[in-house]
Structures are given as C-alpha cells and as structure tokens.
$ cat my_file_7.txt   # compact mmCIF, C-alpha atoms
# COMPACT_ATOMS: atom_id res chain seq x y z
CA MET A 1 0.00 0.00 0.00
CA ALA A 2 2.26 2.70 1.27
CA VAL A 3 5.47 3.48 -0.55
CA CYS A 4 6.81 5.68 2.22
CA VAL A 5 6.00 5.99 5.93
CA ALA A 6 7.41 8.73 8.13
CA VAL A 7 7.08 9.71 11.78
CA ILE A 8 7.94 13.33 12.52
CA ALA A 9 8.51 14.69 16.01
CA LYS A 10 6.82 17.72 17.57
CA GLU A 11 9.81 19.84 16.68
CA ASN A 12 9.62 18.71 13.05
CA TYR A 13 12.59 16.43 12.83
CA PRO A 14 12.21 12.86 11.61
CA LEU A 15 11.90 10.08 14.19
CA TYR A 16 11.47 7.41 11.61
CA ILE A 17 11.32 7.37 7.84
CA ARG A 18 11.21 4.45 5.52
CA SER A 19 10.40 4.02 1.86
CA VAL A 20 10.36 1.20 -0.64
CA PRO A 21 13.92 0.39 -1.65
CA THR A 22 13.18 0.23 -5.37
CA GLU A 23 12.73 3.95 -5.74
CA ASN A 24 14.75 7.03 -5.14
CA GLU A 25 14.75 7.56 -1.40
CA LEU A 26 15.55 11.24 -1.55
CA LYS A 27 12.44 11.95 -3.56
CA PHE A 28 10.25 10.66 -0.74
CA HIS A 29 12.18 12.52 1.90
CA TYR A 30 11.59 15.66 -0.06
CA MET A 31 7.92 14.88 -0.42
CA VAL A 32 7.47 14.29 3.30
CA HIS A 33 9.35 17.46 4.07
CA THR A 34 7.13 19.48 1.80
CA SER A 35 4.02 18.01 3.35
CA LEU A 36 4.87 19.35 6.80
CA ASP A 37 3.77 22.82 5.79
CA VAL A 38 0.39 21.51 4.77
CA VAL A 39 0.13 19.66 8.07
CA ASP A 40 0.85 22.84 10.02
CA GLU A 41 -1.72 24.70 8.01
CA LYS A 42 -4.36 22.07 8.66
CA ILE A 43 -3.69 21.96 12.38
CA SER A 44 -3.97 25.69 12.85
CA ALA A 45 -7.19 25.73 10.88
CA MET A 46 -8.51 22.88 12.95
CA GLY A 47 -8.21 24.70 16.28
CA LYS A 48 -11.29 26.69 15.45
CA ALA A 49 -13.30 23.81 14.13
CA LEU A 50 -16.19 22.15 15.92
CA VAL A 51 -15.56 19.36 18.39
CA ASP A 52 -16.57 16.52 16.12
CA GLN A 53 -14.32 17.79 13.36
CA ARG A 54 -11.24 17.80 15.50
CA GLU A 55 -10.07 14.43 14.38
CA LEU A 56 -6.52 13.16 14.50
CA TYR A 57 -6.63 12.04 10.90
CA LEU A 58 -5.99 14.93 8.53
CA GLY A 59 -6.92 13.28 5.26
CA LEU A 60 -5.25 13.87 1.95
CA LEU A 61 -2.56 16.51 2.23
CA TYR A 62 -1.83 16.89 -1.45
CA PRO A 63 -1.71 14.73 -4.55
CA THR A 64 1.14 14.65 -7.02
CA GLU A 65 1.18 13.03 -10.40
CA ASP A 66 2.20 9.58 -9.18
CA TYR A 67 1.54 9.71 -5.46
CA LYS A 68 -0.89 10.82 -2.80
CA VAL A 69 0.30 12.10 0.54
CA TYR A 70 -1.81 11.52 3.66
CA GLY A 71 -1.29 12.96 7.13
CA TYR A 72 -2.18 12.26 10.75
CA VAL A 73 -1.26 14.19 13.88
CA THR A 74 -1.45 12.82 17.40
CA ASN A 75 -2.43 14.87 20.41
CA SER A 76 1.23 15.11 21.31
CA ARG A 77 1.81 16.80 17.96
CA VAL A 78 3.73 13.89 16.48
CA LYS A 79 3.05 13.69 12.78
CA PHE A 80 2.61 10.62 10.68
CA VAL A 81 2.96 11.03 6.94
CA MET A 82 2.21 8.32 4.45
CA VAL A 83 2.88 8.40 0.72
CA VAL A 84 0.67 6.13 -1.36
CA ASP A 85 0.86 5.21 -5.01
CA SER A 86 -2.01 6.98 -6.71
CA SER A 87 -2.43 4.26 -9.31
CA ASN A 88 -3.80 2.16 -6.48
CA THR A 89 -7.38 3.39 -6.68
CA ALA A 90 -8.78 0.58 -4.55
CA LEU A 91 -7.41 2.29 -1.49
CA ARG A 92 -10.25 4.06 0.30
CA ASP A 93 -10.10 6.79 2.86
CA ASN A 94 -11.23 4.37 5.55
CA GLU A 95 -8.39 1.99 4.88
CA ILE A 96 -5.87 4.78 5.09
CA ARG A 97 -7.46 5.79 8.34
CA SER A 98 -7.15 2.32 9.79
CA MET A 99 -3.55 2.13 8.66
CA PHE A 100 -2.84 5.32 10.55
CA ARG A 101 -4.60 3.89 13.61
CA LYS A 102 -2.30 0.92 13.45
CA LEU A 103 0.70 3.16 13.12
CA HIS A 104 -0.46 5.22 16.07
CA ASN A 105 -1.01 2.17 18.25
CA SER A 106 2.44 0.96 17.43
CA TYR A 107 3.94 4.34 18.14
CA THR A 108 2.20 4.43 21.52
CA ASP A 109 3.75 1.10 22.36
CA VAL A 110 7.15 2.48 21.47
CA MET A 111 6.53 5.53 23.65
CA CYS A 112 5.51 3.39 26.60
CA ASN A 113 8.59 1.25 26.31
CA PRO A 114 10.77 2.29 29.24
CA PHE A 115 13.91 1.77 27.23
CA TYR A 116 12.95 4.31 24.63
CA ASN A 117 13.92 7.92 25.22
CA PRO A 118 11.26 10.25 23.89
CA GLY A 119 12.72 12.22 21.02
CA ASP A 120 15.14 9.58 19.85
CA ARG A 121 14.99 7.81 16.53
CA ILE A 122 12.66 4.84 16.59
CA GLN A 123 14.64 1.64 16.33
CA SER A 124 12.04 -0.76 17.62
CA ARG A 125 11.89 -3.98 15.67
CA THR A 126 8.18 -4.43 16.29
CA PHE A 127 7.49 -1.01 14.87
CA ASP A 128 9.68 -1.77 11.92
CA SER A 129 7.92 -5.01 11.09
CA MET A 130 4.54 -3.30 11.43
CA VAL A 131 5.61 -0.71 8.87
CA THR A 132 6.93 -3.46 6.63
CA SER A 133 3.55 -5.20 6.76
CA MET A 134 1.90 -1.97 5.65
CA MET A 135 4.26 -1.57 2.76
CA ILE A 136 4.12 -5.13 1.54
CA GLN A 137 0.37 -5.21 1.15
CA VAL A 138 0.85 -2.98 -1.86
CA CYS A 139 1.90 -5.12 -4.67
CA MET B 1 -8.98 2.32 31.36
CA PRO B 2 -5.46 2.51 30.06
CA ALA B 3 -4.08 2.92 33.56
CA ALA B 4 -5.13 -0.58 34.36
CA VAL B 5 -3.34 -1.76 31.30
CA SER B 6 -0.10 -0.08 32.03
CA LEU B 7 -0.21 -0.82 35.71
CA SER B 8 -0.90 -4.45 35.20
CA CYS B 9 1.94 -4.36 32.73
CA TRP B 10 4.18 -3.07 35.48
CA ALA B 11 2.86 -5.68 37.75
CA ARG B 12 3.67 -8.40 35.33
CA GLY B 13 7.10 -7.04 34.84
CA LEU B 14 7.52 -7.14 38.57
CA SER B 15 6.34 -10.62 39.18
CA GLY B 16 8.48 -12.24 36.55
CA PRO B 17 8.37 -15.86 35.62
CA GLY B 18 8.68 -17.18 39.15
CA VAL B 19 5.37 -16.06 40.49
CA GLY B 20 2.12 -17.92 40.53
CA ARG B 21 3.16 -21.34 39.36
CA PRO B 22 -0.08 -23.20 39.28
CA GLY B 23 -0.30 -26.49 41.05
CA THR B 24 3.04 -26.48 42.80
CA GLY B 25 1.53 -25.35 46.05
CA PHE B 26 4.51 -23.17 46.86
CA PRO B 27 4.02 -19.59 47.81
CA PRO B 28 4.98 -17.20 45.04
CA VAL B 29 8.70 -16.84 44.62
CA PRO B 30 9.78 -13.29 45.40
CA ALA B 31 10.50 -11.19 42.37
CA VAL B 32 14.06 -10.84 41.25
CA ARG B 33 13.78 -7.12 40.98
CA LYS B 34 12.54 -4.99 43.80
CA PRO B 35 9.67 -2.70 42.85
CA SER B 36 11.73 0.38 43.43
CA GLU B 37 14.41 -0.92 41.16
CA PHE B 38 11.88 -1.64 38.51
CA LEU B 39 10.44 1.83 38.41
CA CYS B 40 13.95 3.19 38.27
CA LEU B 41 14.20 1.28 35.04
CA LEU B 42 11.32 3.28 33.72
CA ALA B 43 13.08 6.47 34.48
CA THR B 44 16.82 6.12 34.29
CA ARG B 45 18.33 7.15 31.06
CA ASP B 46 21.69 5.49 30.75
CA GLY B 47 23.50 2.52 32.05
CA LEU B 48 20.75 0.07 31.35
CA ARG B 49 20.95 0.11 27.64
CA THR B 50 22.63 -3.19 27.04
CA GLU B 51 20.36 -4.98 29.41
CA GLY B 52 17.49 -2.98 28.06
CA ALA B 53 17.84 -4.26 24.55
CA ALA B 54 17.20 -7.74 25.75
CA ARG B 55 14.43 -6.89 28.15
CA SER B 56 12.53 -4.36 26.15
CA SER B 57 10.73 -6.98 24.18
CA SER B 58 9.15 -8.41 27.26
CA LEU B 59 8.33 -5.04 28.77
CA GLY B 60 7.05 -2.85 26.03
CA ARG B 61 5.04 -5.21 23.96
CA GLN B 62 3.07 -7.35 26.26
CA PRO B 63 -0.27 -8.40 24.89
CA GLU B 64 -2.55 -6.04 26.69
CA PRO B 65 -5.71 -7.22 28.30
CA ARG B 66 -8.36 -4.62 27.77
CA ALA B 67 -9.77 -4.97 31.25
CA GLY B 68 -11.58 -1.83 32.23
CA PRO B 69 -11.33 -0.85 35.86
CA THR B 70 -14.39 1.35 35.93
CA GLY B 71 -17.89 1.42 34.59
CA ALA B 72 -21.02 -0.23 35.80
CA GLY B 73 -21.02 -2.95 33.19
CA THR B 74 -17.76 -4.61 34.14
CA GLY B 75 -17.84 -7.96 35.82
CA ALA B 76 -16.72 -8.87 39.30
CA ARG B 77 -13.47 -10.34 38.06
CA LYS B 78 -12.55 -7.14 36.31
CA ASN B 79 -13.41 -5.16 39.39
CA LYS B 80 -11.14 -7.35 41.40
CA GLN B 81 -8.37 -6.81 38.95
CA ALA B 82 -8.89 -3.08 39.08
CA MET B 83 -8.65 -3.18 42.83
CA ALA B 84 -5.51 -5.22 42.66
CA ASP B 85 -4.03 -2.79 40.16
CA GLU B 86 -4.81 0.09 42.41
CA ALA B 87 -3.23 -1.54 45.43
CA LEU B 88 -0.21 -2.44 43.36
CA PHE B 89 0.25 1.11 42.27
CA LEU B 90 0.06 2.38 45.83
CA LEU B 91 2.50 -0.24 47.08
CA LEU B 92 4.83 0.26 44.18
CA HIS B 93 4.81 3.97 44.69
CA SER B 94 5.59 3.85 48.40
CA GLU B 95 8.26 1.26 47.82
CA MET B 96 9.74 3.43 45.12
CA VAL B 97 9.89 6.46 47.40
CA SER B 98 11.55 4.52 50.17
CA GLY B 99 13.85 2.86 47.65
CA VAL B 100 15.05 6.17 46.30
CA TYR B 101 15.60 7.54 49.78
CA LYS B 102 17.43 4.42 50.91
CA SER B 103 19.79 4.52 47.98
CA ALA B 104 20.42 8.18 48.74
CA GLU B 105 21.33 7.41 52.34
CA GLN B 106 24.24 5.29 51.22
CA GLY B 107 25.54 7.93 48.87
CA GLU B 108 24.93 10.78 51.33
CA VAL B 109 23.03 13.11 49.07
CA GLU B 110 20.66 15.76 50.22
CA ASN B 111 16.90 15.70 50.19
CA GLY B 112 16.48 17.75 47.03
CA ARG B 113 18.22 15.24 44.86
CA CYS B 114 15.76 12.52 45.81
CA ILE B 115 12.82 14.75 45.04
CA THR B 116 14.33 15.52 41.67
CA LYS B 117 14.90 11.88 40.98
CA LEU B 118 11.33 10.95 41.83
CA GLU B 119 10.08 13.86 39.78
CA ASN B 120 12.07 12.74 36.76
CA MET B 121 10.68 9.25 37.07
CA GLY B 122 7.20 10.71 37.10
CA PHE B 123 8.06 12.80 34.09
CA ARG B 124 8.89 9.83 31.92
CA VAL B 125 5.91 7.83 33.14
CA GLY B 126 3.63 10.80 32.54
CA GLN B 127 4.86 11.14 28.99
CA GLY B 128 4.11 7.52 28.27
CA LEU B 129 0.74 7.51 29.98
CA LEU B 130 -0.48 10.65 28.26
CA GLU B 131 0.51 9.25 24.91
CA ARG B 132 -1.67 6.26 25.57
CA PHE B 133 -4.60 8.10 27.16
CA THR B 134 -4.94 10.67 24.41
CA LYS B 135 -4.85 8.10 21.67
CA ASP B 136 -8.59 8.02 21.14
CA THR B 137 -9.61 11.49 22.16
CA ALA B 138 -10.36 14.35 19.83
CA ARG B 139 -7.78 17.03 19.35
CA PHE B 140 -7.59 19.52 22.20
CA LYS B 141 -8.89 22.99 21.64
CA ASP B 142 -6.68 24.95 23.99
CA GLU B 143 -4.73 24.88 27.21
CA LEU B 144 -7.81 24.81 29.40
CA ASP B 145 -9.13 21.85 27.46
CA ILE B 146 -5.91 20.00 28.22
CA MET B 147 -6.07 20.87 31.90
CA LYS B 148 -9.63 19.63 32.06
CA PHE B 149 -8.52 16.39 30.50
CA ILE B 150 -5.81 16.02 33.15
CA CYS B 151 -8.27 16.74 35.94
CA LYS B 152 -10.94 14.40 34.71
CA ASP B 153 -9.76 11.53 32.58
CA PHE B 154 -6.13 11.35 33.60
CA TRP B 155 -6.82 11.68 37.31
CA THR B 156 -9.64 9.15 37.17
CA THR B 157 -7.54 6.53 35.49
CA VAL B 158 -4.55 6.97 37.75
CA PHE B 159 -6.10 7.89 41.08
CA LYS B 160 -9.69 6.66 40.66
CA LYS B 161 -11.22 10.04 41.34
CA GLN B 162 -11.43 13.43 39.72
CA ILE B 163 -9.71 16.57 40.85
CA ASP B 164 -12.11 18.33 43.21
CA ASN B 165 -11.38 21.86 42.17
CA LEU B 166 -9.56 23.45 39.26
CA ARG B 167 -8.83 27.14 39.41
CA THR B 168 -7.03 29.37 36.98
CA ASN B 169 -6.15 33.01 36.54
CA HIS B 170 -6.30 32.58 32.75
CA GLN B 171 -2.69 33.69 32.57
CA GLY B 172 -0.95 30.39 32.77
CA ILE B 173 -1.42 29.43 36.41
CA TYR B 174 -3.67 26.53 37.32
CA VAL B 175 -4.36 25.20 40.78
CA LEU B 176 -5.58 21.64 41.01
CA GLN B 177 -7.05 20.77 44.36
CA ASP B 178 -7.60 17.21 45.48
CA ASN B 179 -9.35 16.89 48.83
CA LYS B 180 -8.51 13.24 49.27
CA PHE B 181 -5.32 12.55 47.38
CA ARG B 182 -4.86 8.83 46.91
CA LEU B 183 -1.17 8.62 47.70
CA LEU B 184 -1.62 10.40 51.02
CA THR B 185 -4.65 8.50 52.29
CA GLN B 186 -2.55 5.78 53.83
CA MET B 187 -0.95 8.22 56.23
CA SER B 188 -2.68 9.59 59.29
CA ALA B 189 -4.80 12.58 58.51
CA GLY B 190 -3.82 15.90 59.96
CA LYS B 191 -0.42 17.42 60.45
CA GLN B 192 1.61 14.62 62.02
CA TYR B 193 3.62 13.59 58.95
CA LEU B 194 3.42 16.88 57.14
CA GLU B 195 7.17 17.11 56.65
CA HIS B 196 7.23 13.79 54.79
CA ALA B 197 4.40 14.66 52.44
CA SER B 198 6.62 16.28 49.84
CA LYS B 199 8.36 13.08 48.86
CA TYR B 200 5.05 11.37 48.23
CA LEU B 201 3.97 14.16 45.93
CA ALA B 202 7.11 14.50 43.82
CA PHE B 203 6.25 11.61 41.53
CA THR B 204 2.80 13.02 40.84
CA CYS B 205 4.23 16.46 40.12
CA GLY B 206 6.46 14.82 37.56
CA LEU B 207 3.51 12.90 36.19
CA ILE B 208 1.65 16.12 35.47
CA ARG B 209 4.69 17.89 34.09
CA GLY B 210 5.58 14.96 31.84
CA GLY B 211 2.05 14.67 30.58
CA LEU B 212 1.83 18.36 29.78
CA SER B 213 5.21 18.43 28.10
CA ASN B 214 4.13 15.56 25.89
CA LEU B 215 1.19 17.65 24.81
CA GLY B 216 3.52 20.52 24.02
CA ILE B 217 3.18 22.61 27.17
CA LYS B 218 6.24 23.42 29.22
CA SER B 219 5.40 23.91 32.86
CA ILE B 220 6.57 23.95 36.45
CA VAL B 221 4.51 21.93 38.87
CA THR B 222 4.67 22.34 42.61
CA ALA B 223 2.62 20.73 45.32
CA GLU B 224 1.55 22.00 48.69
CA VAL B 225 -0.15 20.33 51.60
CA SER B 226 -1.71 22.03 54.56
CA SER B 227 -3.67 19.19 56.08
CA MET B 228 -2.99 15.63 55.17
CA PRO B 229 -5.16 13.91 52.64
CA ALA B 230 -5.87 17.18 50.86
CA CYS B 231 -3.30 18.74 48.61
CA LYS B 232 -2.92 21.34 45.92
CA PHE B 233 -0.88 21.17 42.75
CA GLN B 234 0.10 24.42 41.21
CA VAL B 235 0.88 24.33 37.53
CA MET B 236 2.76 27.29 36.13
CA ILE B 237 2.83 27.28 32.37
CA GLN B 238 5.97 28.60 30.76
CA LYS B 239 5.14 30.83 27.88
CA LEU B 240 7.55 30.78 25.01
$ encode --input "my_file_7.txt" --output "structure tokens"
Amino acid sequence: MAVCVAVIAKENYPLYIRSVPTENELKFHYMVHTSLDVVDEKISAMGKALVDQRELYLGLLYPTEDYKVYGYVTNSRVKFVMVVDSSNTALRDNEIRSMFRKLHNSYTDVMCNPFYNPGDRIQSRTFDSMVTSMMIQVC
Amino acid sequence: MPAAVSLSCWARGLSGPGVGRPGTGFPPVPAVRKPSEFLCLLATRDGLRTEGAARSSSLGRQPEPRAGPTGAGTGARKNKQAMADEALFLLLHSEMVSGVYKSAEQGEVENGRCITKLENMGFRVGQGLLERFTKDTARFKDELDIMKFICKDFWTTVFKKQIDNLRTNHQGIYVLQDNKFRLLTQMSAGKQYLEHASKYLAFTCGLIRGGLSNLGIKSIVTAEVSSMPACKFQVMIQKL
C-alpha cells in the first residue's frame, strides 16, 4: 500500500522514515518534508473547528502526479505522513485511516517502552515489522 | 482504562516468571527485581541500555488485556483486577519512594536530589501515559481543554477520582485541588507527617509535568499540603 512511511517529532525532525527500496529515497524525503507545511496549516485551521471535526486524521494533504500524501497528527503533535501510489485506486479513505490507527497504536507502544527515550529515533523492531507489513500489502 | 493496562503491565514485569506457578503449592517466589528498582528502570536514562535491549521486548510489547477498571457494566473479576491494580500502584509507589531515599542514604546526598529523581521518574511515566490516554480522544482545543482532560480523565484513570477543584487566573497558572489525594490517604490525617508529604507528591508532580510536556506545554509543577489527605498542585505554564 504505502510506498513511504514517516514519523515526525513535535519539533519537526524525523523520528522514523522508511520508503520502498526500489525507488529514489531522496524523492520521498523531499515529499514528506514538503508536506509538513500543509500539516501545520491544517492543524492551525482545525483549532477553530467544531468538536466533532477535531479528528486526528488529517486526510489527503496533497496529490502529485504519481503519489498521494496523507497525514495524521497525534495529540502530542507527532506527525505521521504516508505516501501512497495513486495508481492504487482501490485504497479508500477508511483503509488509510485504519492504517494510521495501526501506526499510532504501534507508536504508543514504542513511547511506553521504558527503554525508549522520547525524542530519539525509533529503532524498535516491532514497529519496523509493522511498517513493513503496511508496505508489503501494496503489490 | 489505560491505567489498568499499564499498571498491570508493570505488575507483570515485577512478578516475573517465578510467580504464581499453578499447582506447585509453593508460595509465590519473590520477584528478582525490587519494585523500586523496577520503576527506576522506567526512568533512568543510561546505564541500562545493554540490558534494556534484551528486556525491552518483554516489557514494552506485552499483549494487553483490555480490562476496564471502571464502569457499571464490568464484571466482578474485572473489578477485582482493578482493585488489585490500584493496590499495586500504591504499594509500588511507596516502595519506590523509600527505595530512592534508601539509595540516597548510602551515597549521602541531600533531600532535594531525591525529590528531583522521583520527579524525573514521574516525568517519563507521565509522557508515556499521556501518549496512551490521548490516543482516542479528539484534538484539544486549547490549554484549558488539556487541563480539564488532566483533571478528569487522567486523574480518574490513575487515582480513581477526579480533581475536586480546578482554578485558573487565565494567565498560565492553574491550581488543582484534590481533597482526598490517593497517595496520602494511607498516612494519618492531619499534620503529624506533614514534613514527609513532599516526597510522596514528587512523583505526581512529575507525572503532570511529563504529561503536559508531551502535549507541548512546558510547565513547572509544585505541590503544597496544609492538612494531610488534601493537597494542591500548582501548575505554572511557561510561555515561550
């Protein structure tokens, strides 16, 4: 499904970023970096929204020719960005949402691990394999 | 609800493989790690890394039973578990305080260091807990919204009751008053042990500070007690 998954800290530095090895890695890094502005914009707009609209899932951030970029922000302002191949039209909004839920659950587990220092790069193997499972489902 | 999860997770970490062998008829084998030591693990930053790599798998990723401690619909078994969790937390906390102070006695360090240590432990635990508690809530509107969350949901899951009174001057100072603070109820009410109260509040101060910092609010939290089971936490928010 996803071709690139990234976790960005509150202070906007990457905690975790991984993309499919077949493609140019730098391109995805650039894409994720660009998306952070859109995320910021959406969050600040959301502060004024009604209660039921204040969801953690941000929806589609922006589409490019080949890819779609989706975003999600936790209450602790940690951002999840996912790049999806746009040729994969079977992928619905709901599925993306549930993928983000899974990512969030996994991230929470990492956070609650006493051996993880908040703010460090995520090196958890469980987290890694969860991301792998999300990327494999693609093809 | 998540408090039960994390606390029972601590409890499991404590008991280790030796406890509760069914059928052997022996009393539970005492845990290898003392409770105080275990909570130190949660908080200390260095020195445990090598050991940590091996142990983290068993600590961080336990399959979590979704046993809710509250709510009218939960069964008797769940209620029992909630009670056990609560008792465990109280015991673990008091053991942790005495553990920190005992280790300080050997090294001859002053009182302030112990408070700081306990506070830092609370900080890390608060960060983790808040991450878990806010997982399914809507995004917070403002600072006050966050404080309300701490007073209601957070306090209920950790201490089984809400904060009794929240006051603010709308300029970054919040006073949270708890008339029957859980961690002080085991001591005699009144003024007899007033001087010892501060060490039993340090962890909670850290808990609040850690939780707030995880939500992006830098703060200073102090506690004050005038008469025993009641206490006040003052949260001073640091504006950037």
$ interface_residues --input "my_file_7.txt" --of "chain A" --to "chain B" --cutoff "12 Å" --atoms "all atoms listed in the file" --output "PyMOL selection string"
chain A and resi 9-11+43-58+72-78+100-120+123-127
$ closest_atom_pairs --input "my_file_7.txt" --of "region 58-130 of chain A" --to "region 35-40 of chain A" --cutoff "9 Å" --atoms "only C-alpha atoms" --output "Markdown table"
| residue | atom | partner | partner_atom | distance |
| --- | --- | --- | --- | --- |
| A:Leu58 | CA | A:Val39 | CA | 7.7 |
| A:Leu61 | CA | A:Val38 | CA | 6.3 |
| A:Tyr62 | CA | A:Ser35 | CA | 7.6 |
| A:Val69 | CA | A:Ser35 | CA | 7.5 |
| A:Tyr70 | CA | A:Ser35 | CA | 8.7 |
| A:Gly71 | CA | A:Val39 | CA | 6.9 |
| A:Tyr72 | CA | A:Val39 | CA | 8.2 |
| A:Val73 | CA | A:Val39 | CA | 8.1 |
| A:Lys79 | CA | A:Val39 | CA | 8.1 |
| A:Val81 | CA | A:Ser35 | CA | 7.9 |
$ atom_distance --input "my_file_7.txt" --atom1 "CA of Glu95 (chain A)" --atom2 "CA of Met82 (chain A)"
12.4 Å
$ atom_distance --input "my_file_7.txt" --atom1 "CA of Ala189 (chain B)" --atom2 "CA of Ala230 (chain B)"
9.0 Å
$ residues_around --input "my_file_7.txt" --residues "Ser133 (chain A)" --least-positions-apart "4" --cutoff "12 Å" --atoms "all atoms listed in the file" --output "number ranges by chain"
A: 1-3, 5, 20, 99, 102-103, 126-129, 137-139
$ atom_distance --input "my_file_7.txt" --atom1 "CA of Cys205 (chain B)" --atom2 "CA of Val235 (chain B)"
8.9 Å
$ residues_around --input "my_file_7.txt" --residues "Ile163 (chain B)" --least-positions-apart "6" --cutoff "9 Å" --atoms "all atoms listed in the file" --output "list in words"
Ile150, Cys151, Lys152, Trp155, Thr156, Leu176, Gln177, Asp178, Asn179 and Phe181 of chain B
$ residues_around --input "my_file_7.txt" --residues "Asp93 (chain A)" --least-positions-apart "4" --cutoff "9 Å" --atoms "only C-alpha atoms" --output "number ranges by chain"
A: 59-60, 97-98
$ write_last_selection --input "my_file_7.txt" --atoms "C-alpha atoms" --output "PDB file, keeping the file's coordinate frame"
ATOM      1  CA  GLY A  59      -6.920  13.280   5.260  1.00  0.00           C
ATOM      2  CA  LEU A  60      -5.250  13.870   1.950  1.00  0.00           C
ATOM      3  CA  ARG A  97      -7.460   5.790   8.340  1.00  0.00           C
ATOM      4  CA  SER A  98      -7.150   2.320   9.790  1.00  0.00           C
TER       5      SER A  98
END
$ residues_around --input "my_file_7.txt" --residues "Lys148 (chain B)" --least-positions-apart "5" --cutoff "9 Å" --atoms "only C-alpha atoms" --output "short mmCIF file (atom, residue, chain, number, x, y, z; two decimals) with C-alpha atoms, keeping the file's coordinate frame"
data_model
loop_
_atom_site.label_atom_id
_atom_site.label_comp_id
_atom_site.auth_asym_id
_atom_site.auth_seq_id
_atom_site.Cartn_x
_atom_site.Cartn_y
_atom_site.Cartn_z
CA GLU B 143 -4.73 24.88 27.21
CA ASP B 153 -9.76 11.53 32.58
CA LEU B 166 -9.56 23.45 39.26
#
$ closest_residue --input "my_file_7.txt" --among "B:Ala223, B:Val175, B:Ala84, B:Met187" --to "Phe203 (chain B)" --atoms "only C-alpha atoms"
B:Ala223
